[in-house]
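Okay, entry-v3.cif now, which holds mmCIF, C-alpha atoms:
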data_input
#
loop_
_atom_site.label_atom_id
_atom_site.label_comp_id
_atom_site.auth_asym_id
_atom_site.auth_seq_id
_atom_site.Cartn_x
_atom_site.Cartn_y
_atom_site.Cartn_z
CA MET P 1 -75.15 -15.49 -72.10
CA PRO P 2 -78.22 -13.23 -71.79
CA VAL P 3 -78.41 -10.72 -74.63
CA ILE P 4 -79.52 -7.09 -74.45
CA LYS P 5 -80.79 -5.95 -77.83
CA GLY P 6 -79.22 -2.80 -79.24
CA GLY P 7 -81.11 0.20 -77.89
CA GLU P 8 -82.82 -1.81 -75.14
CA GLY P 9 -82.10 -2.48 -71.48
CA ALA P 10 -82.11 -5.11 -68.75
CA GLY P 11 -82.61 -5.17 -65.00
CA LEU P 12 -80.98 -7.61 -62.61
CA HIS P 13 -80.27 -8.29 -58.97
CA LEU P 14 -76.67 -8.71 -57.90
CA LYS P 15 -75.98 -10.12 -54.45
CA ARG P 16 -73.01 -8.90 -52.46
CA GLY P 17 -69.93 -10.77 -53.72
CA GLN P 18 -71.53 -11.76 -57.05
CA GLU P 19 -69.87 -10.65 -60.27
CA LEU P 20 -71.36 -9.13 -63.39
CA ALA P 21 -69.48 -9.16 -66.70
CA ILE P 22 -70.67 -6.84 -69.47
CA VAL P 23 -69.57 -7.96 -72.92
CA ASN P 24 -69.34 -5.60 -75.88
CA THR P 25 -70.26 -8.36 -78.33
CA HIS P 26 -69.77 -6.34 -81.51
CA GLY P 27 -67.25 -3.91 -80.04
CA SER P 28 -68.79 -0.50 -80.52
CA GLN P 29 -71.83 -0.39 -78.27
CA VAL P 30 -72.01 2.00 -75.33
CA VAL P 31 -73.64 0.50 -72.22
CA ASP P 32 -75.01 2.72 -69.46
CA LEU P 33 -74.66 1.17 -66.02
CA PHE P 34 -77.02 2.27 -63.21
CA VAL P 35 -76.68 0.84 -59.70
CA HIS P 36 -78.98 1.03 -56.65
CA ASN P 37 -78.61 -0.33 -53.15
CA ALA P 38 -81.23 -3.15 -53.13
CA ALA P 39 -82.13 -2.33 -49.52
CA ASP P 40 -82.65 1.39 -50.24
CA LEU P 41 -83.28 2.35 -53.86
CA GLY P 42 -82.58 5.99 -52.98
CA GLU P 43 -78.93 5.10 -52.41
CA ILE P 44 -77.47 5.15 -55.89
CA MET P 45 -74.12 4.91 -57.57
CA SER P 46 -72.96 8.50 -57.93
CA ILE P 47 -70.40 9.40 -60.56
CA GLN P 48 -69.46 12.59 -58.68
CA HIS P 49 -68.76 10.71 -55.45
CA SER P 50 -66.94 7.92 -57.30
CA ARG P 51 -64.61 10.46 -58.93
CA ASN P 52 -63.83 11.81 -55.46
CA VAL P 53 -62.40 8.35 -54.74
CA TRP P 54 -60.55 7.90 -58.03
CA TYR P 55 -59.22 11.47 -58.52
CA ARG P 56 -59.46 10.52 -62.21
CA LEU P 57 -62.11 10.99 -64.92
CA GLN P 58 -62.31 7.28 -65.68
CA PRO P 59 -62.27 4.19 -63.47
CA LYS P 60 -59.56 1.55 -63.81
CA ALA P 61 -59.60 -2.12 -62.77
CA GLY P 62 -59.52 -2.20 -58.97
CA ASP P 63 -61.44 1.07 -58.58
CA GLN P 64 -64.72 1.17 -56.73
CA LEU P 65 -67.97 2.87 -57.65
CA TRP P 66 -69.41 4.70 -54.65
CA THR P 67 -72.86 5.87 -53.71
CA GLN P 68 -73.88 9.40 -52.78
CA LEU P 69 -73.61 8.22 -49.15
CA ARG P 70 -69.89 7.60 -49.84
CA ARG P 71 -70.04 3.82 -49.59
CA PRO P 72 -68.64 1.34 -52.13
CA ILE P 73 -71.36 -0.38 -54.15
CA LEU P 74 -69.38 -2.06 -56.98
CA THR P 75 -65.74 -2.80 -57.65
CA MET P 76 -64.46 -2.86 -61.23
CA VAL P 77 -62.66 -6.18 -60.95
CA SER P 78 -61.22 -6.27 -64.45
CA ASP P 79 -61.38 -4.29 -67.67
CA GLY P 80 -60.52 -6.17 -70.85
CA SER P 81 -61.31 -3.12 -72.99
CA PRO P 82 -58.91 -0.23 -73.72
CA GLY P 83 -60.32 1.41 -70.56
CA VAL P 84 -62.13 4.26 -72.30
CA HIS P 85 -65.41 5.02 -70.50
CA ASP P 86 -67.36 8.22 -69.96
CA THR P 87 -68.33 9.85 -66.68
CA LEU P 88 -69.13 13.35 -67.99
CA PHE P 89 -72.46 12.90 -69.79
CA PRO P 90 -75.87 12.24 -68.28
CA CYS P 91 -77.78 9.36 -69.84
CA CYS P 92 -79.93 10.20 -72.84
CA ASP P 93 -83.63 10.81 -72.24
CA ALA P 94 -86.80 11.65 -74.17
CA ARG P 95 -86.18 15.39 -73.89
CA ARG P 96 -82.67 15.00 -75.33
CA TYR P 97 -83.98 13.40 -78.52
CA GLU P 98 -86.68 16.04 -78.78
CA GLN P 99 -83.95 18.71 -78.57
CA LEU P 100 -81.95 16.85 -81.22
CA GLY P 101 -84.95 17.24 -83.54
CA VAL P 102 -86.31 13.70 -83.41
CA LYS P 103 -90.03 13.58 -84.14
CA GLY P 104 -92.08 11.15 -82.06
CA TYR P 105 -90.83 8.68 -79.47
CA HIS P 106 -87.20 7.56 -79.46
CA ARG P 107 -85.93 4.86 -77.14
CA ASN P 108 -83.59 6.31 -74.51
CA CYS P 109 -81.42 5.19 -71.59
CA ALA P 110 -83.60 6.91 -68.96
CA ASP P 111 -86.67 4.97 -70.09
CA ASN P 112 -84.56 1.80 -70.37
CA TRP P 113 -83.54 2.35 -66.72
CA ARG P 114 -87.22 2.73 -65.76
CA ALA P 115 -88.24 -0.37 -67.72
CA ALA P 116 -85.34 -2.36 -66.24
CA LEU P 117 -86.48 -1.61 -62.70
CA ARG P 118 -90.13 -2.33 -63.57
CA SER P 119 -89.07 -5.69 -65.04
CA LEU P 120 -87.99 -6.50 -61.46
CA ALA P 121 -91.32 -5.23 -60.08
CA ILE P 122 -89.57 -2.13 -58.70
CA GLU P 123 -91.14 1.29 -59.20
CA PRO P 124 -88.32 3.60 -60.35
CA PRO P 125 -87.58 6.67 -58.18
CA ALA P 126 -88.40 10.11 -59.62
CA THR P 127 -84.79 11.08 -60.28
CA VAL P 128 -82.69 9.24 -62.86
CA PRO P 129 -79.34 8.29 -61.28
CA THR P 130 -75.99 9.10 -62.82
CA ALA P 131 -74.67 6.29 -65.01
CA LEU P 132 -71.23 5.00 -65.83
CA ASN P 133 -71.20 5.13 -69.63
CA LEU P 134 -69.15 2.04 -70.43
CA PHE P 135 -67.13 2.12 -73.66
CA MET P 136 -68.27 5.69 -74.46
CA ASN P 137 -65.35 7.61 -75.96
CA VAL P 138 -65.24 11.24 -74.86
CA PRO P 139 -61.70 12.60 -75.23
CA VAL P 140 -61.07 15.75 -73.19
CA ALA P 141 -58.77 18.35 -74.77
CA ALA P 142 -56.23 20.42 -72.84
CA ASP P 143 -58.68 23.37 -72.74
CA GLY P 144 -61.32 21.20 -71.04
CA SER P 145 -63.52 20.87 -74.12
CA PHE P 146 -64.61 17.40 -75.17
CA LYS P 147 -66.35 15.59 -77.98
CA ILE P 148 -68.01 12.26 -78.62
CA LEU P 149 -66.11 9.84 -80.88
CA PRO P 150 -66.88 6.23 -81.83
CA PRO P 151 -65.82 3.72 -79.15
CA VAL P 152 -62.30 2.25 -79.29
CA SER P 153 -63.47 -1.00 -77.69
CA ARG P 154 -63.29 -4.25 -79.66
CA PRO P 155 -65.65 -7.19 -80.22
CA GLY P 156 -65.75 -9.36 -77.12
CA ASP P 157 -64.25 -6.74 -74.77
CA ARG P 158 -65.62 -7.29 -71.30
CA VAL P 159 -65.69 -5.34 -68.06
CA THR P 160 -66.38 -7.18 -64.81
CA PHE P 161 -67.78 -5.75 -61.58
CA ARG P 162 -68.22 -7.28 -58.12
CA ALA P 163 -71.07 -6.18 -55.86
CA GLU P 164 -70.00 -4.68 -52.53
CA MET P 165 -73.60 -4.75 -51.28
CA ASP P 166 -76.83 -6.30 -52.57
CA CYS P 167 -77.62 -4.25 -55.67
CA VAL P 168 -80.29 -3.60 -58.24
CA ILE P 169 -78.66 -2.94 -61.59
CA ALA P 170 -79.99 -1.50 -64.83
CA LEU P 171 -78.06 -1.80 -68.07
CA SER P 172 -78.91 0.11 -71.22
CA ALA P 173 -77.43 -0.56 -74.65
CA CYS P 174 -77.59 3.14 -75.54
CA PRO P 175 -80.13 3.88 -78.32
CA VAL P 176 -78.28 6.91 -79.80
CA ASP P 177 -78.40 6.58 -83.60
CA MET P 178 -77.86 10.11 -84.94
CA LEU P 179 -74.27 10.50 -83.72
CA PRO P 180 -71.41 7.97 -84.05
CA LEU P 181 -71.55 7.42 -80.29
CA ASN P 182 -72.22 3.69 -80.83
CA GLY P 183 -69.83 3.36 -83.75
CA PRO P 184 -69.39 5.02 -87.15
CA ASP P 185 -72.52 3.32 -88.54
CA CYS P 186 -74.67 4.99 -85.81
CA LYS P 187 -76.44 1.67 -85.24
CA PRO P 188 -77.03 0.29 -81.72
CA GLN P 189 -75.86 -3.32 -81.39
CA ASP P 190 -76.62 -6.19 -79.06
CA VAL P 191 -74.45 -6.74 -75.99
CA GLU P 192 -74.30 -9.61 -73.53
CA TYR P 193 -73.83 -9.99 -69.80
CA LEU P 194 -72.93 -12.76 -67.43
CA LEU P 195 -73.72 -13.17 -63.74
CA SER P 196 -71.47 -15.38 -61.64
CA MET E 1 -73.10 43.74 -49.80
CA PRO E 2 -74.34 40.75 -47.75
CA VAL E 3 -71.45 38.70 -46.37
CA ILE E 4 -71.23 34.91 -46.08
CA LYS E 5 -68.80 33.97 -43.34
CA GLY E 6 -66.04 31.57 -44.30
CA GLY E 7 -67.35 28.01 -43.91
CA GLU E 8 -70.98 29.11 -43.75
CA GLY E 9 -73.81 29.43 -46.25
CA ALA E 10 -76.74 31.57 -47.38
CA GLY E 11 -80.10 30.97 -49.03
CA LEU E 12 -81.85 33.36 -51.34
CA HIS E 13 -84.65 33.71 -53.83
CA LEU E 14 -83.82 34.89 -57.32
CA LYS E 15 -86.67 35.93 -59.59
CA ARG E 16 -86.47 35.26 -63.32
CA GLY E 17 -84.38 38.02 -64.87
CA GLN E 18 -82.69 39.01 -61.60
CA GLU E 19 -78.92 38.82 -61.33
CA LEU E 20 -76.71 37.43 -58.60
CA ALA E 21 -73.04 38.40 -58.32
CA ILE E 22 -70.77 36.27 -56.14
CA VAL E 23 -67.67 38.11 -54.99
CA ASN E 24 -64.51 36.32 -53.89
CA THR E 25 -63.67 39.06 -51.39
CA HIS E 26 -60.28 37.71 -50.33
CA GLY E 27 -59.57 35.84 -53.54
CA SER E 28 -59.11 32.23 -52.50
CA GLN E 29 -62.47 31.04 -51.24
CA VAL E 30 -64.37 28.29 -53.07
CA VAL E 31 -68.14 28.87 -53.22
CA ASP E 32 -70.53 26.00 -53.93
CA LEU E 33 -73.58 27.10 -55.90
CA PHE E 34 -76.81 25.04 -55.66
CA VAL E 35 -79.89 26.00 -57.67
CA HIS E 36 -83.51 24.81 -57.49
CA ASN E 37 -86.55 25.72 -59.52
CA ALA E 38 -88.62 27.73 -57.00
CA ALA E 39 -91.83 26.21 -58.37
CA ASP E 40 -90.54 22.61 -58.06
CA LEU E 41 -87.63 22.04 -55.68
CA GLY E 42 -87.06 18.61 -57.25
CA GLU E 43 -85.92 20.32 -60.45
CA ILE E 44 -82.30 21.14 -59.73
CA MET E 45 -79.28 22.47 -61.51
CA SER E 46 -77.47 19.38 -62.80
CA ILE E 47 -73.78 19.56 -63.57
CA GLN E 48 -74.03 16.49 -65.84
CA HIS E 49 -76.82 18.02 -67.91
CA SER E 50 -75.09 21.41 -68.02
CA ARG E 51 -71.91 19.81 -69.38
CA ASN E 52 -74.02 18.23 -72.12
CA VAL E 53 -74.78 21.81 -73.22
CA TRP E 54 -71.23 23.19 -72.87
CA TYR E 55 -69.24 20.19 -74.18
CA ARG E 56 -66.60 21.54 -71.82
CA LEU E 57 -65.58 20.78 -68.22
CA GLN E 58 -66.03 24.39 -67.10
CA PRO E 59 -68.61 27.05 -67.91
CA LYS E 60 -67.63 30.32 -69.58
CA ALA E 61 -69.45 33.66 -69.59
CA GLY E 62 -72.56 33.22 -71.75
CA ASP E 63 -73.00 29.55 -70.85
CA GLN E 64 -76.18 28.35 -69.20
CA LEU E 65 -76.63 26.03 -66.26
CA TRP E 66 -79.35 23.48 -66.98
CA THR E 67 -81.58 21.34 -64.82
CA GLN E 68 -81.96 17.57 -64.99
CA LEU E 69 -85.09 18.26 -67.05
CA ARG E 70 -82.81 19.92 -69.65
CA ARG E 71 -84.05 23.45 -69.14
CA PRO E 72 -81.90 26.54 -68.53
CA ILE E 73 -82.07 27.77 -64.94
CA LEU E 74 -79.16 30.26 -64.77
CA THR E 75 -76.95 32.02 -67.29
CA MET E 76 -73.38 32.90 -66.36
CA VAL E 77 -73.54 36.50 -67.53
CA SER E 78 -69.95 37.45 -66.77
CA ASP E 79 -66.89 35.97 -65.15
CA GLY E 80 -64.32 38.43 -63.82
CA SER E 81 -62.18 35.59 -62.42
CA PRO E 82 -59.62 33.57 -64.41
CA GLY E 83 -62.49 31.18 -65.22
CA VAL E 84 -61.25 28.25 -63.18
CA HIS E 85 -64.20 26.43 -61.58
CA ASP E 86 -64.81 22.79 -60.73
CA THR E 87 -67.58 20.52 -61.96
CA LEU E 88 -66.01 17.17 -61.07
CA PHE E 89 -66.34 16.98 -57.28
CA PRO E 90 -69.48 16.53 -55.23
CA CYS E 91 -69.91 19.01 -52.38
CA CYS E 92 -68.31 18.07 -49.07
CA ASP E 93 -70.53 16.45 -46.45
CA ALA E 94 -70.33 15.10 -42.90
CA ARG E 95 -69.28 11.64 -44.10
CA ARG E 96 -66.42 13.11 -46.14
CA TYR E 97 -64.88 14.76 -43.07
CA GLU E 98 -65.34 11.57 -41.08
CA GLN E 99 -63.46 9.70 -43.82
CA LEU E 100 -60.74 12.37 -43.74
CA GLY E 101 -60.24 11.54 -40.05
CA VAL E 102 -61.96 14.56 -38.50
CA LYS E 103 -63.28 13.82 -35.00
CA GLY E 104 -66.66 15.33 -34.14
CA TYR E 105 -68.79 17.63 -36.26
CA HIS E 106 -67.25 19.65 -39.07
CA ARG E 107 -69.20 22.23 -41.02
CA ASN E 108 -69.80 21.08 -44.60
CA CYS E 109 -71.39 22.29 -47.84
CA ALA E 110 -74.22 19.72 -47.75
CA ASP E 111 -75.35 20.95 -44.31
CA ASN E 112 -74.87 24.55 -45.45
CA TRP E 113 -77.21 23.78 -48.37
CA ARG E 114 -79.77 22.33 -45.94
CA ALA E 115 -79.47 25.32 -43.57
CA ALA E 116 -79.72 27.75 -46.50
CA LEU E 117 -83.04 26.25 -47.62
CA ARG E 118 -84.33 26.11 -44.05
CA SER E 119 -83.47 29.82 -43.63
CA LEU E 120 -86.06 30.36 -46.38
CA ALA E 121 -88.56 28.09 -44.58
CA ILE E 122 -88.01 25.38 -47.22
CA GLU E 123 -87.52 21.79 -46.12
CA PRO E 124 -84.55 20.46 -48.15
CA PRO E 125 -85.16 17.40 -50.37
CA ALA E 126 -83.51 14.12 -49.38
CA THR E 127 -80.88 14.21 -52.12
CA VAL E 128 -78.17 16.87 -52.17
CA PRO E 129 -78.02 18.41 -55.68
CA THR E 130 -74.84 18.72 -57.69
CA ALA E 131 -73.10 22.06 -57.18
CA LEU E 132 -71.01 24.30 -59.37
CA ASN E 133 -67.83 24.70 -57.32
CA LEU E 134 -66.94 28.30 -58.13
CA PHE E 135 -63.22 29.20 -58.02
CA MET E 136 -62.22 25.60 -57.15
CA ASN E 137 -59.01 24.73 -58.97
CA VAL E 138 -58.92 21.13 -60.19
CA PRO E 139 -56.49 20.79 -63.08
CA VAL E 140 -57.02 17.66 -65.18
CA ALA E 141 -53.88 15.97 -66.57
CA ALA E 142 -53.64 14.38 -70.01
CA ASP E 143 -54.23 10.92 -68.46
CA GLY E 144 -57.51 12.08 -66.92
CA SER E 145 -56.18 12.27 -63.37
CA PHE E 146 -56.75 15.45 -61.40
CA LYS E 147 -55.80 17.13 -58.16
CA ILE E 148 -56.98 19.97 -55.97
CA LEU E 149 -54.78 23.08 -55.96
CA PRO E 150 -55.32 26.48 -54.29
CA PRO E 151 -57.64 28.78 -56.28
CA VAL E 152 -56.12 31.10 -58.88
CA SER E 153 -58.87 33.69 -58.36
CA ARG E 154 -57.99 37.12 -56.98
CA PRO E 155 -59.47 39.40 -54.30
CA GLY E 156 -62.64 41.01 -55.62
CA ASP E 157 -63.14 38.57 -58.51
CA ARG E 158 -66.82 38.25 -59.22
CA VAL E 159 -69.02 35.92 -61.23
CA THR E 160 -72.51 37.04 -62.19
CA PHE E 161 -75.53 34.87 -63.03
CA ARG E 162 -78.98 35.73 -64.36
CA ALA E 163 -81.99 33.63 -63.41
CA GLU E 164 -83.81 32.01 -66.35
CA MET E 165 -86.69 30.98 -64.07
CA ASP E 166 -87.66 31.80 -60.47
CA CYS E 167 -84.98 30.07 -58.40
CA VAL E 168 -84.06 29.12 -54.89
CA ILE E 169 -80.31 29.37 -54.47
CA ALA E 170 -77.95 28.10 -51.80
CA LEU E 171 -74.38 29.35 -51.55
CA SER E 172 -71.73 27.74 -49.38
CA ALA E 173 -68.32 29.23 -48.62
CA CYS E 174 -66.71 25.79 -48.53
CA PRO E 175 -65.53 24.83 -45.00
CA VAL E 176 -62.60 22.61 -46.13
CA ASP E 177 -59.63 23.43 -43.89
CA MET E 178 -57.35 20.39 -44.09
CA LEU E 179 -56.43 20.76 -47.78
CA PRO E 180 -55.33 23.96 -49.57
CA LEU E 181 -58.66 23.93 -51.47
CA ASN E 182 -59.51 27.39 -50.09
CA GLY E 183 -55.97 28.72 -50.39
CA PRO E 184 -52.53 27.72 -49.12
CA ASP E 185 -53.42 28.73 -45.54
CA CYS E 186 -56.31 26.22 -45.50
CA LYS E 187 -58.54 28.85 -43.90
CA PRO E 188 -62.09 29.52 -45.17
CA GLN E 189 -62.68 33.23 -45.79
CA ASP E 190 -65.73 35.44 -46.05
CA VAL E 191 -67.30 36.10 -49.45
CA GLU E 192 -69.99 38.55 -50.54
CA TYR E 193 -72.92 38.51 -52.92
CA LEU E 194 -75.12 41.06 -54.56
CA LEU E 195 -78.67 40.74 -55.89
CA SER E 196 -79.82 43.14 -58.59
#
How would this structure read if it were set down as structure tokens?
Amino acid sequence: MPVIKGGEGAGLHLKRGQELAIVNTHGSQVVDLFVHNAADLGEIMSIQHSRNVWYRLQPKAGDQLWTQLRRPILTMVSDGSPGVHDTLFPCCDARRYEQLGVKGYHRNCADNWRAALRSLAIEPPATVPTALNLFMNVPVAADGSFKILPPVSRPGDRVTFRAEMDCVIALSACPVDMLPLNGPDCKPQDVEYLLS
Amino acid sequence: MPVIKGGEGAGLHLKRGQELAIVNTHGSQVVDLFVHNAADLGEIMSIQHSRNVWYRLQPKAGDQLWTQLRRPILTMVSDGSPGVHDTLFPCCDARRYEQLGVKGYHRNCADNWRAALRSLAIEPPATVPTALNLFMNVPVAADGSFKILPPVSRPGDRVTFRAEMDCVIALSACPVDMLPLNGPDCKPQDVEYLLS
């Protein structure tokens, strides 16, 4: 299976009907999933519009991800993980690390999204799309507050999506390493994916 | 005070330091709030990035709304309502009403946003920004599911914001009339606002 190094990203084309499995090889790595309509890169998977379909904070197997034009773009076919994913946070970006006090350049999911598209010879649009933050563990308390905890996913857990239209996909093995977002050791790990 | 008719919208300029109060005149009207940087309309208030500041589903008095460039654009100075606002739903749009089975044109918050900007001689960008859905009551259950209930706000409740940069603002008195989103009678009502 193709490997995405911890903290890095990958870009791929997914034809309508094709499936993409994302495998949490070591169990604790968050993977940001960005999806564009291949025929119109400005049509993007929108977390807000997808929630309007689910009426739930997190998707379950069988749920669809929708675009901002309210059309299905991916279906979550199966979820072999405990089903804990985040839809509340934006992806990390250069400015976020700067605000966290990091000196100099830090890899980030926004730049991984850009690099993923460029690896397919696609110039990324100006605005970073919303991402589904797979395996990211953000429990919401009764008062609406939330926090980031280490993932509860396990080595080998996989989530599979089917394309509902021809898609361009970017995956980012989130580079966060100053919070236990990617596990208690704060160390991004490799993940794998499989196209079928 | 200027009035926004139920189901309609308004556009306004807010200079840095100016305040905008939004008054729920009859108590049960949801108001979608869209905010742009006046100097760069592509910099917009982003609910995802604002949540990353709050670590909470809903803003409280003192919280800031941030743009996708992770800069403060508005501060919620005071909240005289019970503090129940929605950040999970996208604004309603023509396609949403079509999917709800409405025949013909139905007013919607996305078109109200467009008309609000055009009333200021500003051509709206292609992508509809995320909105803060003031007074919208979307309780989230322990399993992460949620539903839309009538607002718990009361006649005269007001929320006040201060501009942290020169802004262009669009307000929409949400036109939803087939769900009790704007109160049990499903009837959009007028709201008022005050610039100071």
When you look at Gly183 in chain E with a cut-off of 10 Å (counting only C-alpha atoms), what residues show up, excluding the ones that are within fewer than 4 positions of it in the same chain? I need them as a tab-separated table (two decimals) with C-alpha atoms, in the coordinates of the input.
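Final file, out_13.tsv:
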chain	number	residue	atom	x	y	z
E	26	HIS	CA	-60.28	37.71	-50.33
E	27	GLY	CA	-59.57	35.84	-53.54
E	28	SER	CA	-59.11	32.23	-52.50
E	29	GLN	CA	-62.47	31.04	-51.24
E	30	VAL	CA	-64.37	28.29	-53.07
E	136	MET	CA	-62.22	25.60	-57.15
E	137	ASN	CA	-59.01	24.73	-58.97
E	149	LEU	CA	-54.78	23.08	-55.96
E	150	PRO	CA	-55.32	26.48	-54.29
E	151	PRO	CA	-57.64	28.78	-56.28
E	152	VAL	CA	-56.12	31.10	-58.88
E	153	SER	CA	-58.87	33.69	-58.36
E	176	VAL	CA	-62.60	22.61	-46.13
E	177	ASP	CA	-59.63	23.43	-43.89
E	179	LEU	CA	-56.43	20.76	-47.78
E	187	LYS	CA	-58.54	28.85	-43.90
E	188	PRO	CA	-62.09	29.52	-45.17
E	189	GLN	CA	-62.68	33.23	-45.79
*On this structure, which residues satisfy the PyMOL selection byres ((chain E) within 10 of (chain P)), written as a PyMOL selection string?*
chain E and resi 42-43+46-59+68-71+87-96+99+126-128+130+138-148
*Any chance you could work out the residue set of the PyMOL selection byres ((chain P and resi 165) around 6) here, as a ChimeraX atom specification?*
/P:16,73,163-164,166-167
Export of prior selection with C-alpha atoms as a JSON list (two decimals), in the frame of the given file:
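Listing of selection-v6.json after writing:
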[["chain", "number", "residue", "atom", "x", "y", "z"],
["P", 16, "ARG", "CA", -73.01, -8.90, -52.46],
["P", 73, "ILE", "CA", -71.36, -0.38, -54.15],
["P", 163, "ALA", "CA", -71.07, -6.18, -55.86],
["P", 164, "GLU", "CA", -70.00, -4.68, -52.53],
["P", 166, "ASP", "CA", -76.83, -6.30, -52.57],
["P", 167, "CYS", "CA", -77.62, -4.25, -55.67]]
*asked:* Which residues are near Ile169 in chain E? Cut-off 12 Å, all atoms listed in the file, ignore same chain within fewer than 4 positions. Put them as number ranges by chain.
replied: E: 9-15, 19-20, 22, 32-38, 41, 44-45, 73-74, 112-120, 122, 124, 129, 131-132, 161-163, 165, 193, 195
*Interatomic distance between CA of Gly6 in chain E and CA of Asp190 in chain E?*
4.3 Å
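Picture a line from CA of Phe135 in chain E to CA of Arg107 in chain E; it runs 19.3 Å.
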*asked:* Nearest residue to Lys5 in chain P out of P:Val31, P:Val168, P:Leu65, P:Cys186, using all atoms listed in the file?
replied: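 For Lys5 in chain P, the nearest of the given residues is P:Val31.
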*Just say which residues the PyMOL selection byres ((chain P and resi 82) around 9) picks in this file, as a VMD selection string.*
chain P and resid 79 to 81 83 to 85 135 152 to 154 157
